[in-house]
$ cat final28.csv   # CSV, C-alpha atoms and all ligand atoms
chain,number,residue,atom,x,y,z
A,1,MET,CA,-26.8,-38.9,-17.0
A,2,ILE,CA,-23.7,-37.4,-15.4
A,3,ALA,CA,-24.7,-38.5,-11.9
A,4,GLU,CA,-24.6,-42.1,-12.9
A,5,LEU,CA,-21.2,-41.8,-14.6
A,6,THR,CA,-19.4,-39.8,-11.9
A,7,THR,CA,-19.3,-40.2,-8.2
A,8,GLN,CA,-19.7,-37.2,-5.9
A,9,ASN,CA,-16.0,-37.5,-5.0
A,10,GLU,CA,-14.9,-37.4,-8.6
A,11,LEU,CA,-17.1,-34.4,-9.3
A,12,GLN,CA,-15.6,-32.5,-6.4
A,13,LYS,CA,-12.1,-33.2,-7.7
A,14,MET,CA,-13.2,-31.8,-11.0
A,15,ASP,CA,-14.7,-28.5,-9.8
A,16,PRO,CA,-13.7,-26.8,-13.0
A,17,VAL,CA,-13.9,-23.0,-12.3
A,18,PHE,CA,-15.0,-21.9,-8.8
A,19,GLY,CA,-12.9,-24.7,-7.3
A,20,GLN,CA,-9.7,-23.7,-9.0
A,21,LEU,CA,-6.8,-22.7,-6.8
A,22,SER,CA,-6.5,-19.4,-8.7
A,23,PHE,CA,-10.1,-18.6,-8.3
A,24,ASP,CA,-10.3,-15.6,-6.0
A,25,ASP,CA,-14.0,-14.6,-5.8
A,26,HIS,CA,-13.9,-13.4,-9.4
A,27,GLU,CA,-17.1,-11.6,-10.3
A,28,GLN,CA,-17.5,-13.0,-13.8
A,29,ILE,CA,-15.8,-15.4,-16.1
A,30,VAL,CA,-16.9,-15.4,-19.7
A,31,PHE,CA,-16.0,-18.2,-22.1
A,32,CYS,CA,-16.1,-17.1,-25.7
A,33,ASN,CA,-16.3,-19.5,-28.7
A,34,ASP,CA,-16.7,-18.9,-32.4
A,35,LYS,CA,-16.5,-21.8,-34.7
A,36,ASP,CA,-16.1,-19.8,-37.9
A,37,THR,CA,-13.0,-17.9,-36.8
A,38,GLY,CA,-11.7,-20.5,-34.5
A,39,LEU,CA,-11.8,-18.1,-31.5
A,40,LYS,CA,-11.6,-19.6,-28.1
A,41,ALA,CA,-11.2,-17.0,-25.4
A,42,ILE,CA,-11.8,-16.5,-21.7
A,43,ILE,CA,-12.5,-13.1,-20.2
A,44,GLY,CA,-11.9,-12.9,-16.5
A,45,ILE,CA,-13.5,-10.1,-14.5
A,46,HIS,CA,-12.0,-10.2,-11.0
A,47,ASN,CA,-13.3,-7.0,-9.3
A,48,THR,CA,-15.1,-3.9,-10.3
A,49,VAL,CA,-15.4,-2.0,-7.0
A,50,LEU,CA,-13.0,0.8,-8.1
A,51,GLY,CA,-14.3,1.0,-11.8
A,52,PRO,CA,-14.5,-1.0,-15.0
A,53,ALA,CA,-12.2,-4.0,-15.2
A,54,LEU,CA,-9.4,-3.0,-17.5
A,55,GLY,CA,-6.7,-5.4,-18.6
A,56,GLY,CA,-5.0,-6.7,-21.7
A,57,THR,CA,-5.7,-9.6,-23.9
A,58,ARG,CA,-3.0,-12.3,-24.1
A,59,MET,CA,-2.9,-14.7,-27.1
A,60,TRP,CA,-0.9,-17.8,-26.2
A,61,ASN,CA,-0.6,-21.4,-27.3
A,62,TYR,CA,-1.7,-22.9,-24.0
A,63,THR,CA,-1.1,-26.6,-23.6
A,64,ASN,CA,-4.7,-27.0,-22.4
A,65,GLU,CA,-7.7,-25.1,-21.3
A,66,TRP,CA,-6.8,-25.5,-17.6
A,67,GLU,CA,-3.6,-23.6,-18.2
A,68,ALA,CA,-5.5,-20.8,-20.0
A,69,LEU,CA,-8.1,-20.6,-17.3
A,70,ASN,CA,-5.5,-20.5,-14.6
A,71,ASP,CA,-3.7,-17.7,-16.5
A,72,VAL,CA,-6.7,-15.5,-16.9
A,73,LEU,CA,-7.7,-16.0,-13.3
A,74,ARG,CA,-4.3,-15.0,-12.0
A,75,LEU,CA,-3.8,-12.2,-14.5
A,76,SER,CA,-7.2,-10.6,-13.9
A,77,ARG,CA,-6.7,-10.7,-10.1
A,78,GLY,CA,-3.3,-9.0,-10.6
A,79,MET,CA,-5.0,-6.2,-12.5
A,80,THR,CA,-7.3,-5.4,-9.6
A,81,TYR,CA,-4.4,-4.9,-7.3
A,82,LYS,CA,-2.4,-3.1,-9.9
A,83,SER,CA,-5.1,-0.5,-10.4
A,84,ALA,CA,-5.8,-0.2,-6.7
A,85,ILE,CA,-2.1,0.4,-5.7
A,86,THR,CA,-1.6,2.9,-8.5
A,87,GLY,CA,-4.6,4.9,-7.4
A,88,LEU,CA,-6.6,4.4,-10.6
A,89,ASN,CA,-10.3,4.1,-10.7
A,90,LEU,CA,-10.3,0.8,-12.4
A,91,GLY,CA,-11.2,-2.7,-11.6
A,92,GLY,CA,-9.3,-5.9,-12.6
A,93,GLY,CA,-9.9,-7.9,-15.7
A,94,LYS,CA,-8.0,-9.7,-18.3
A,95,ALA,CA,-8.6,-11.9,-21.4
A,96,VAL,CA,-6.8,-14.8,-22.9
A,97,ILE,CA,-7.2,-16.2,-26.4
A,98,ILE,CA,-6.1,-19.8,-26.9
A,99,GLY,CA,-3.9,-20.2,-29.9
A,100,ASP,CA,-0.7,-19.3,-31.7
A,101,ALA,CA,-0.6,-15.5,-32.3
A,102,LYS,CA,1.8,-16.0,-35.2
A,103,THR,CA,-0.3,-18.4,-37.1
A,104,GLN,CA,-3.9,-18.3,-35.8
A,105,LYS,CA,-4.5,-14.6,-35.3
A,106,THR,CA,-6.7,-13.1,-38.0
A,107,PRO,CA,-8.6,-9.8,-38.3
A,108,GLU,CA,-11.8,-11.8,-38.3
A,109,LEU,CA,-10.9,-13.5,-35.1
A,110,MET,CA,-10.0,-10.2,-33.4
A,111,ARG,CA,-13.2,-8.7,-34.6
A,112,LYS,CA,-15.2,-11.6,-33.2
A,113,PHE,CA,-13.3,-11.2,-29.9
A,114,GLY,CA,-14.2,-7.5,-29.9
A,115,GLU,CA,-17.9,-8.4,-30.3
A,116,PHE,CA,-17.6,-10.5,-27.1
A,117,VAL,CA,-16.0,-7.6,-25.3
A,118,HIS,CA,-18.8,-5.3,-26.5
A,119,SER,CA,-21.4,-7.7,-25.2
A,120,LEU,CA,-20.2,-6.9,-21.7
A,121,SER,CA,-21.2,-3.3,-22.2
A,122,GLY,CA,-18.1,-1.7,-20.7
A,123,LYS,CA,-17.7,-3.8,-17.6
A,124,TYR,CA,-14.5,-5.2,-19.2
A,125,ILE,CA,-12.2,-2.9,-21.2
A,126,THR,CA,-9.4,-4.6,-23.2
A,127,ALA,CA,-5.9,-3.6,-24.2
A,128,GLU,CA,-2.7,-5.3,-25.4
A,129,ASP,CA,-0.8,-8.1,-23.8
A,130,VAL,CA,1.6,-10.8,-25.0
A,131,GLY,CA,0.8,-11.8,-28.6
A,132,MET,CA,-1.1,-8.6,-29.3
A,133,GLN,CA,-0.1,-5.5,-31.4
A,134,THR,CA,-1.6,-2.1,-31.6
A,135,GLU,CA,-3.2,-2.9,-34.9
A,136,ASP,CA,-5.1,-5.8,-33.2
A,137,MET,CA,-6.6,-3.3,-30.8
A,138,ASP,CA,-7.5,-1.1,-33.8
A,139,THR,CA,-9.4,-4.0,-35.2
A,140,VAL,CA,-11.2,-4.5,-31.9
A,141,ARG,CA,-12.0,-0.8,-31.9
A,142,ASP,CA,-13.9,-1.3,-35.2
A,143,VAL,CA,-16.6,-3.2,-33.3
A,144,THR,CA,-16.4,-1.8,-29.7
A,145,PRO,CA,-15.4,1.4,-27.9
A,146,TYR,CA,-14.3,-0.8,-24.9
A,147,VAL,CA,-10.7,-1.0,-25.9
A,148,THR,CA,-7.6,1.0,-25.1
A,149,GLY,CA,-4.0,1.0,-26.5
A,150,ILE,CA,-5.2,1.8,-30.0
A,151,SER,CA,-3.1,3.7,-32.5
A,152,GLU,CA,-2.2,7.3,-31.9
A,153,SER,CA,-3.5,8.1,-35.4
A,154,ARG,CA,-6.9,6.9,-34.2
A,155,GLY,CA,-6.8,9.0,-31.1
A,156,GLY,CA,-5.3,6.3,-28.8
A,157,SER,CA,-2.1,6.2,-26.8
A,158,GLY,CA,-0.4,3.5,-28.9
A,159,ASN,CA,1.7,0.7,-27.6
A,160,PRO,CA,2.0,1.1,-23.8
A,161,SER,CA,5.1,-1.1,-23.4
A,162,ALA,CA,7.7,1.7,-23.3
A,163,VAL,CA,5.7,3.4,-20.5
A,164,THR,CA,5.5,0.1,-18.7
A,165,ALA,CA,9.3,-0.2,-19.0
A,166,TYR,CA,9.7,3.3,-17.6
A,167,GLY,CA,7.8,2.3,-14.5
A,168,VAL,CA,9.8,-0.9,-14.1
A,169,TYR,CA,13.0,1.3,-14.4
A,170,MET,CA,11.6,3.6,-11.6
A,171,GLY,CA,10.7,0.7,-9.4
A,172,MET,CA,14.2,-0.8,-10.0
A,173,LYS,CA,15.8,2.5,-9.0
A,174,ALA,CA,13.8,2.7,-5.9
A,175,ALA,CA,14.9,-0.9,-5.0
A,176,ALA,CA,18.5,0.1,-5.6
A,177,LYS,CA,18.1,3.1,-3.4
A,178,TYR,CA,16.7,0.8,-0.6
A,179,LYS,CA,19.2,-2.0,-1.1
A,180,PHE,CA,22.4,-0.2,-2.1
A,181,GLY,CA,21.8,3.3,-0.7
A,182,SER,CA,21.8,4.9,-4.1
A,183,GLU,CA,19.2,4.9,-6.8
A,184,SER,CA,21.9,4.9,-9.5
A,185,LEU,CA,22.1,1.8,-11.6
A,186,ALA,CA,25.4,2.8,-13.2
A,187,GLY,CA,27.8,-0.1,-13.0
A,188,LYS,CA,25.1,-2.5,-11.7
A,189,LYS,CA,24.7,-5.8,-13.4
A,190,VAL,CA,21.1,-6.3,-14.5
A,191,LEU,CA,19.8,-9.5,-16.1
A,192,VAL,CA,16.8,-8.9,-18.3
A,193,GLN,CA,14.9,-12.1,-19.0
A,194,GLY,CA,12.7,-11.5,-22.1
A,195,ILE,CA,13.5,-8.7,-24.5
A,196,GLY,CA,10.1,-8.2,-26.1
A,197,ASN,CA,8.3,-4.9,-26.1
A,198,VAL,CA,8.8,-4.2,-22.4
A,199,GLY,CA,12.2,-5.8,-22.0
A,200,VAL,CA,13.8,-4.0,-24.9
A,201,ALA,CA,12.6,-0.6,-23.7
A,202,LEU,CA,14.0,-1.4,-20.2
A,203,VAL,CA,17.3,-2.3,-21.8
A,204,GLY,CA,17.3,1.1,-23.4
A,205,TYR,CA,16.8,2.9,-20.1
A,206,LEU,CA,19.4,0.8,-18.3
A,207,THR,CA,22.1,1.1,-20.9
A,208,LYS,CA,21.6,4.8,-21.0
A,209,GLU,CA,22.2,5.0,-17.3
A,210,GLY,CA,25.4,2.9,-17.6
A,211,ALA,CA,24.2,-0.4,-16.1
A,212,ILE,CA,25.8,-3.6,-17.3
A,213,VAL,CA,22.9,-5.3,-19.1
A,214,ILE,CA,22.8,-9.0,-19.7
A,215,ILE,CA,19.9,-10.3,-21.8
A,216,THR,CA,18.3,-13.6,-22.3
A,217,ASP,CA,15.4,-14.7,-24.6
A,218,ILE,CA,14.1,-17.8,-26.4
A,219,ASN,CA,14.2,-15.8,-29.6
A,220,GLU,CA,17.8,-16.0,-30.8
A,221,ALA,CA,17.5,-13.5,-33.7
A,222,ARG,CA,16.0,-10.9,-31.3
A,223,LEU,CA,18.9,-11.5,-28.9
A,224,GLN,CA,21.4,-10.7,-31.6
A,225,GLU,CA,19.5,-7.7,-32.7
A,226,VAL,CA,19.1,-6.1,-29.3
A,227,SER,CA,22.6,-6.9,-28.3
A,228,ALA,CA,23.9,-5.2,-31.4
A,229,GLN,CA,21.6,-2.2,-30.9
A,230,TYR,CA,22.4,-1.6,-27.2
A,231,GLY,CA,25.7,-3.3,-26.6
A,232,ALA,CA,24.0,-5.7,-24.1
A,233,GLU,CA,25.8,-8.9,-23.3
A,234,ILE,CA,23.9,-12.2,-24.2
A,235,TYR,CA,23.7,-14.6,-21.3
A,236,THR,CA,25.5,-17.8,-22.2
A,237,GLY,CA,25.5,-19.7,-18.9
A,238,ILE,CA,23.7,-22.9,-18.3
A,239,ASP,CA,21.2,-21.6,-15.6
A,240,LEU,CA,20.3,-17.9,-15.7
A,241,TYR,CA,18.9,-18.0,-12.1
A,242,LEU,CA,22.5,-18.7,-10.9
A,243,ALA,CA,23.8,-15.6,-12.8
A,244,ASP,CA,26.0,-13.4,-10.7
A,245,VAL,CA,24.1,-10.2,-11.1
A,246,ASP,CA,22.8,-7.4,-8.9
A,247,VAL,CA,19.3,-7.3,-10.3
A,248,TYR,CA,17.2,-10.0,-11.9
A,249,ALA,CA,14.5,-8.4,-14.1
A,250,PRO,CA,11.8,-10.9,-15.3
A,251,CYS,CA,10.3,-9.5,-18.4
A,252,ALA,CA,8.9,-12.6,-20.2
A,253,LEU,CA,6.1,-14.7,-18.7
A,254,GLY,CA,5.0,-15.2,-15.1
A,255,ALA,CA,5.9,-17.6,-12.3
A,256,THR,CA,9.6,-17.7,-13.0
A,257,ILE,CA,10.2,-17.4,-9.2
A,258,ASN,CA,9.1,-20.9,-8.2
A,259,ASP,CA,10.3,-24.0,-6.2
A,260,GLN,CA,12.9,-24.7,-8.8
A,261,THR,CA,14.4,-21.2,-9.0
A,262,VAL,CA,13.8,-19.3,-5.7
A,263,PHE,CA,16.8,-20.8,-3.8
A,264,LYS,CA,19.2,-20.3,-6.7
A,265,ILE,CA,18.7,-16.6,-7.3
A,266,LYS,CA,21.9,-14.7,-6.6
A,267,ALA,CA,20.7,-11.2,-7.4
A,268,SER,CA,20.1,-8.8,-4.5
A,269,ILE,CA,17.0,-7.3,-6.2
A,270,VAL,CA,14.2,-8.8,-8.3
A,271,ALA,CA,12.5,-6.0,-10.3
A,272,GLY,CA,10.9,-6.7,-13.7
A,273,GLY,CA,7.9,-6.2,-15.9
A,274,ALA,CA,6.4,-9.6,-16.1
A,275,ASN,CA,3.0,-10.2,-14.4
A,276,ASN,CA,2.7,-12.7,-11.6
A,277,GLN,CA,6.4,-13.4,-11.1
A,278,LEU,CA,5.9,-15.3,-7.9
A,279,ALA,CA,4.5,-18.8,-8.6
A,280,ASN,CA,3.1,-18.8,-5.1
A,281,GLU,CA,2.9,-15.3,-3.6
A,282,ALA,CA,3.0,-16.4,0.0
A,283,ILE,CA,5.7,-19.0,-0.2
A,284,HIS,CA,8.0,-17.6,-2.8
A,285,GLY,CA,7.7,-14.0,-1.5
A,286,LYS,CA,8.6,-15.2,1.9
A,287,ILE,CA,11.6,-17.2,0.7
A,288,LEU,CA,12.9,-14.1,-1.2
A,289,ARG,CA,12.6,-12.0,2.0
A,290,GLU,CA,14.3,-14.6,4.1
A,291,ARG,CA,17.1,-14.8,1.6
A,292,GLY,CA,17.6,-11.0,1.8
A,293,ILE,CA,16.5,-10.5,-1.8
A,294,LEU,CA,14.5,-7.3,-2.2
A,295,TYR,CA,11.4,-7.9,-4.4
A,296,ALA,CA,9.8,-4.9,-6.1
A,297,PRO,CA,6.2,-6.1,-6.4
A,298,ASP,CA,5.4,-6.8,-10.1
A,299,PHE,CA,1.9,-5.4,-10.1
A,300,LEU,CA,3.2,-2.1,-8.7
A,301,ILE,CA,6.2,-1.5,-10.9
A,302,ASN,CA,4.7,-2.7,-14.2
A,303,ALA,CA,1.7,-0.4,-13.9
A,304,GLY,CA,3.0,2.2,-16.3
A,305,GLY,CA,1.3,0.7,-19.3
A,306,LEU,CA,-2.0,0.7,-17.4
A,307,ILE,CA,-1.5,4.3,-16.4
A,308,ASN,CA,-0.8,5.1,-20.1
A,309,VAL,CA,-4.0,3.4,-21.4
A,310,TYR,CA,-6.0,4.9,-18.6
A,311,GLY,CA,-5.2,8.3,-20.1
A,312,GLU,CA,-7.5,7.3,-23.1
A,313,ILE,CA,-10.4,7.0,-20.7
A,314,GLU,CA,-9.5,10.0,-18.5
A,315,HIS,CA,-8.3,12.1,-21.4
A,316,TYR,CA,-4.8,13.0,-20.1
A,317,ASP,CA,-1.7,13.3,-22.2
A,318,LYS,CA,1.6,11.4,-22.5
A,319,ALA,CA,3.4,13.9,-20.2
A,320,GLU,CA,0.9,13.3,-17.5
A,321,ALA,CA,1.1,9.5,-18.0
A,322,MET,CA,4.9,9.7,-17.6
A,323,ARG,CA,4.6,11.9,-14.5
A,324,ARG,CA,2.2,9.4,-12.9
A,325,THR,CA,4.5,6.5,-13.9
A,326,GLU,CA,7.5,8.3,-12.5
A,327,ASN,CA,5.7,8.3,-9.2
A,328,ILE,CA,6.0,4.5,-9.1
A,329,TYR,CA,9.5,5.3,-7.6
A,330,ASN,CA,7.9,7.0,-4.5
A,331,THR,CA,5.2,4.4,-4.1
A,332,THR,CA,7.8,1.6,-4.3
A,333,LEU,CA,9.8,3.2,-1.5
A,334,GLU,CA,6.6,3.6,0.6
A,335,ILE,CA,5.8,-0.1,0.1
A,336,PHE,CA,9.3,-1.1,1.2
A,337,ASP,CA,8.9,1.1,4.4
A,338,TYR,CA,5.5,-0.4,5.1
A,339,ALA,CA,6.9,-3.9,4.7
A,340,VAL,CA,9.8,-3.3,7.1
A,341,LYS,CA,7.6,-1.5,9.7
A,342,ASN,CA,5.1,-4.3,9.7
A,343,ASN,CA,7.6,-7.1,9.4
A,344,ILE,CA,6.0,-8.5,6.2
A,345,GLY,CA,7.1,-9.2,2.6
A,346,THR,CA,7.0,-6.4,0.1
A,347,HIS,CA,4.5,-8.2,-2.1
A,348,GLN,CA,2.2,-8.6,0.9
A,349,ALA,CA,2.6,-5.0,1.8
A,350,ALA,CA,1.6,-3.8,-1.6
A,351,PHE,CA,-1.3,-6.2,-1.5
A,352,ILE,CA,-2.6,-5.0,1.9
A,353,ILE,CA,-2.4,-1.3,0.8
A,354,ALA,CA,-4.3,-2.1,-2.4
A,355,GLN,CA,-6.9,-4.1,-0.6
A,356,ASN,CA,-7.4,-1.4,1.9
A,357,ARG,CA,-8.3,1.0,-0.9
A,358,ILE,CA,-10.8,-1.4,-2.4
A,359,ASP,CA,-12.4,-2.0,1.0
A,360,GLN,CA,-12.6,1.7,1.7
A,361,ARG,CA,-14.3,2.4,-1.6
A,362,LYS,CA,-16.7,-0.5,-1.0
A,363,LYS,CA,-17.6,0.9,2.4
A,364,GLU,CA,-18.1,4.4,1.0
A,365,SER,CA,-20.3,3.2,-1.9
A,366,GLY,CA,-22.3,0.9,0.3
A,367,LYS,CA,-22.0,-1.8,-2.4
B,401,LIG,N1,3.3,-4.7,-22.6
B,401,LIG,C1,3.0,-4.1,-21.5
B,401,LIG,O1,2.8,-2.8,-21.5
B,401,LIG,C2,3.0,-4.8,-20.2
B,401,LIG,C3,2.4,-4.2,-19.1
B,401,LIG,C4,2.4,-4.9,-17.9
B,401,LIG,C5,3.0,-6.2,-17.8
B,401,LIG,N2,3.5,-6.7,-19.0
B,401,LIG,C6,4.0,-8.1,-18.8
B,401,LIG,O2,5.4,-8.0,-19.2
B,401,LIG,C7,5.8,-9.3,-19.8
B,401,LIG,C8,6.3,-9.0,-21.2
B,401,LIG,O3,5.4,-8.3,-22.0
B,401,LIG,P1,5.7,-7.8,-23.5
B,401,LIG,O4,4.6,-6.9,-23.9
B,401,LIG,O5,7.1,-7.3,-23.5
B,401,LIG,O6,5.6,-9.2,-24.2
B,401,LIG,P2,6.4,-9.6,-25.6
B,401,LIG,O7,5.6,-10.7,-26.2
B,401,LIG,O8,6.6,-8.4,-26.5
B,401,LIG,O9,7.8,-10.1,-25.1
B,401,LIG,C9,8.0,-11.3,-24.4
B,401,LIG,C10,9.4,-11.8,-24.7
B,401,LIG,O10,9.7,-12.8,-23.8
B,401,LIG,C11,10.3,-13.8,-24.5
B,401,LIG,N3,10.2,-15.1,-23.8
B,401,LIG,C12,9.1,-15.9,-23.8
B,401,LIG,N4,9.4,-17.0,-23.0
B,401,LIG,C13,10.7,-16.8,-22.5
B,401,LIG,C14,11.5,-17.6,-21.7
B,401,LIG,N5,11.1,-18.7,-21.2
B,401,LIG,N6,12.8,-17.1,-21.5
B,401,LIG,C15,13.2,-16.0,-22.0
B,401,LIG,N7,12.4,-15.2,-22.8
B,401,LIG,C16,11.2,-15.6,-23.1
B,401,LIG,C17,9.7,-13.8,-25.9
B,401,LIG,O11,10.5,-14.4,-26.9
B,401,LIG,C18,9.6,-12.3,-26.1
B,401,LIG,O12,10.7,-11.7,-26.7
B,401,LIG,C19,4.5,-10.1,-19.8
B,401,LIG,O13,4.5,-10.9,-18.6
B,401,LIG,C20,3.4,-9.1,-19.7
B,401,LIG,O14,2.2,-9.7,-19.2
B,401,LIG,C21,3.5,-6.1,-20.2
$ encode --input "final28.csv" --output "structure tokens" --more "lines below"
Ligand SMILES: NC(=O)c1ccc[n+]([C@@H]2O[C@H](COP(=O)([O-])OP(=O)(O)OC[C@H]3O[C@@H](n4cnc5c(N)ncnc54)[C@H](O)[C@@H]3O)[C@@H](O)[C@H]2O)c1
Amino acid sequence: MIAELTTQNELQKMDPVFGQLSFDDHEQIVFCNDKDTGLKAIIGIHNTVLGPALGGTRMWNYTNEWEALNDVLRLSRGMTYKSAITGLNLGGGKAVIIGDAKTQKTPELMRKFGEFVHSLSGKYITAEDVGMQTEDMDTVRDVTPYVTGISESRGGSGNPSAVTAYGVYMGMKAAAKYKFGSESLAGKKVLVQGIGNVGVALVGYLTKEGAIVIITDINEARLQEVSAQYGAEIYTGIDLYLADVDVYAPCALGATINDQTVFKIKASIVAGGANNQLANEAIHGKILRERGILYAPDFLINAGGLINVYGEIEHYDKAEAMRRTENIYNTTLEIFDYAVKNNIGTHQAAFIIAQNRIDQRKKESGK
């Protein structure tokens, strides 16, 4: 019996889900296991006050299950605030599949994952994230309608990454306007960390405008390819956080602004596509502010992809998705103003405005 094996104190230390630091009153957490396909996934549903919880699926070779759970808790919470701040009628959810997307992802595994998504009857709607491709969403679509980001040939909106990048570009321009007095990024040095789907599209927008783009990635072949295509410089220094740039654009994984990096950053602006860039929102957001570094909140400026896939539910077209994404420029400026007026950080400002919208809806609906 477990009570004999474990003291109360030890049990408390182990609170495996609701006791996690990243647990934030999530509504539902679903653990999915299938022996035949090797699927091990966690679906996190943070909040559904504004609508169904929509958020991508990430496949990643997590070191352990704690890391996967922590990721899905953080990511799903981020989606709640992303939808709320963007004015979409969606809640926040996300899924992670534990495993190497290059070697362990099979159509059978994706279909099985789709069946788990289907079992939630639309409370969670999935989409792409790191380690996923449009064809994976098509496979999921074979077993459930609760998926977005499927191929255009199947009536979907395709890969949302370019629209995400456009929103990041808009947010970066708003930050430049606030910090430098002009929205133009021509001649500005921008370090793009991670040149995957989002990063490369951002590089495209930036080089077109005449920014000096410096790129970094763990994938050497990709660096060479993107550098050749866009004329971007490959970062060769020892520590990219010390790079002498105007803008640091995190476009790889989250938590790159942490205890080890936050005091090093030389850029005047942080604006990128990665989710959950601040390892600790309160602490690292505050330090950036104190250091005079303008932070464009990640969940606001990377919402373009969400806006794009939302079109599949609301039946609007690409032009409308781009128009709504372009509006990230205005919303970002409003957030900066709100932060200054209230003497708070920009991340906190965006969070408060998003939370107000959720609270208001909750009050109206009497839920
Ligand atoms: N795809 C979207 O529409 C979308 C929308 C919102 C947010 N995001 C977020 O943006 C980020 C990137 O998404 P993506 O779709 O481009 O993913 P991706 O998998 O296509 O690209 C990620 C890139 O980052 C690189 N990378 C990984 N670790 C790195 C490290 N330590 N240093 C430098 N590079 C590293 C990878 O090699 C890869 O090239 C993720 O945090 C994702 O959650 C994506």
$ residues_near_ligand --input "final28.csv" --ligand "ligand LIG 401 (chain B)" --cutoff "8 Å" --atoms "all atoms listed in the file" --output "PyMOL selection string"
chain A and resi 58+128-132+159-165+193-200+216-219+222+250-254+272-276+299+302-306
$ atom_distance --input "final28.csv" --atom1 "CA of Tyr62 in chain A" --atom2 "CA of Pro145 in chain A"
28.2 Å
$ atom_distance --input "final28.csv" --atom1 "CA of Lys177 in chain A" --atom2 "CA of Asn330 in chain A"
11.0 Å
$ closest_residue --input "final28.csv" --among "A:Ala249, A:Ile335, A:Val226, A:Leu39" --to "Phe351 in chain A" --atoms "all atoms listed in the file"
A:Ile335
$ residues_around --input "final28.csv" --residues "His284 in chain A" --least-positions-apart "2" --cutoff "8 Å" --atoms "all atoms listed in the file" --output "mmCIF file with C-alpha atoms, keeping the file's coordinate frame"
data_model
loop_
_atom_site.group_PDB
_atom_site.id
_atom_site.type_symbol
_atom_site.label_atom_id
_atom_site.label_comp_id
_atom_site.auth_asym_id
_atom_site.auth_seq_id
_atom_site.Cartn_x
_atom_site.Cartn_y
_atom_site.Cartn_z
ATOM 1 C CA ILE A 257 10.200 -17.400 -9.200
ATOM 2 C CA ASN A 258 9.100 -20.900 -8.200
ATOM 3 C CA ASP A 259 10.300 -24.000 -6.200
ATOM 4 C CA VAL A 262 13.800 -19.300 -5.700
ATOM 5 C CA LEU A 278 5.900 -15.300 -7.900
ATOM 6 C CA ALA A 279 4.500 -18.800 -8.600
ATOM 7 C CA ASN A 280 3.100 -18.800 -5.100
ATOM 8 C CA GLU A 281 2.900 -15.300 -3.600
ATOM 9 C CA ALA A 282 3.000 -16.400 0.000
ATOM 10 C CA LYS A 286 8.600 -15.200 1.900
ATOM 11 C CA ILE A 287 11.600 -17.200 0.700
ATOM 12 C CA LEU A 288 12.900 -14.100 -1.200
#
$ residues_around --input "final28.csv" --residues "Ser22 in chain A" --least-positions-apart "5" --cutoff "8 Å" --atoms "all atoms listed in the file" --output "PyMOL selection string"
chain A and resi 70+73-74
$ atom_distance --input "final28.csv" --atom1 "CA of Ile301 in chain A" --atom2 "CA of Asp317 in chain A"
20.2 Å
$ closest_residue --input "final28.csv" --among "A:Gln348, A:Gln20, A:Gln229, A:Thr126" --to "Ile43 in chain A" --atoms "all atoms listed in the file"
A:Thr126
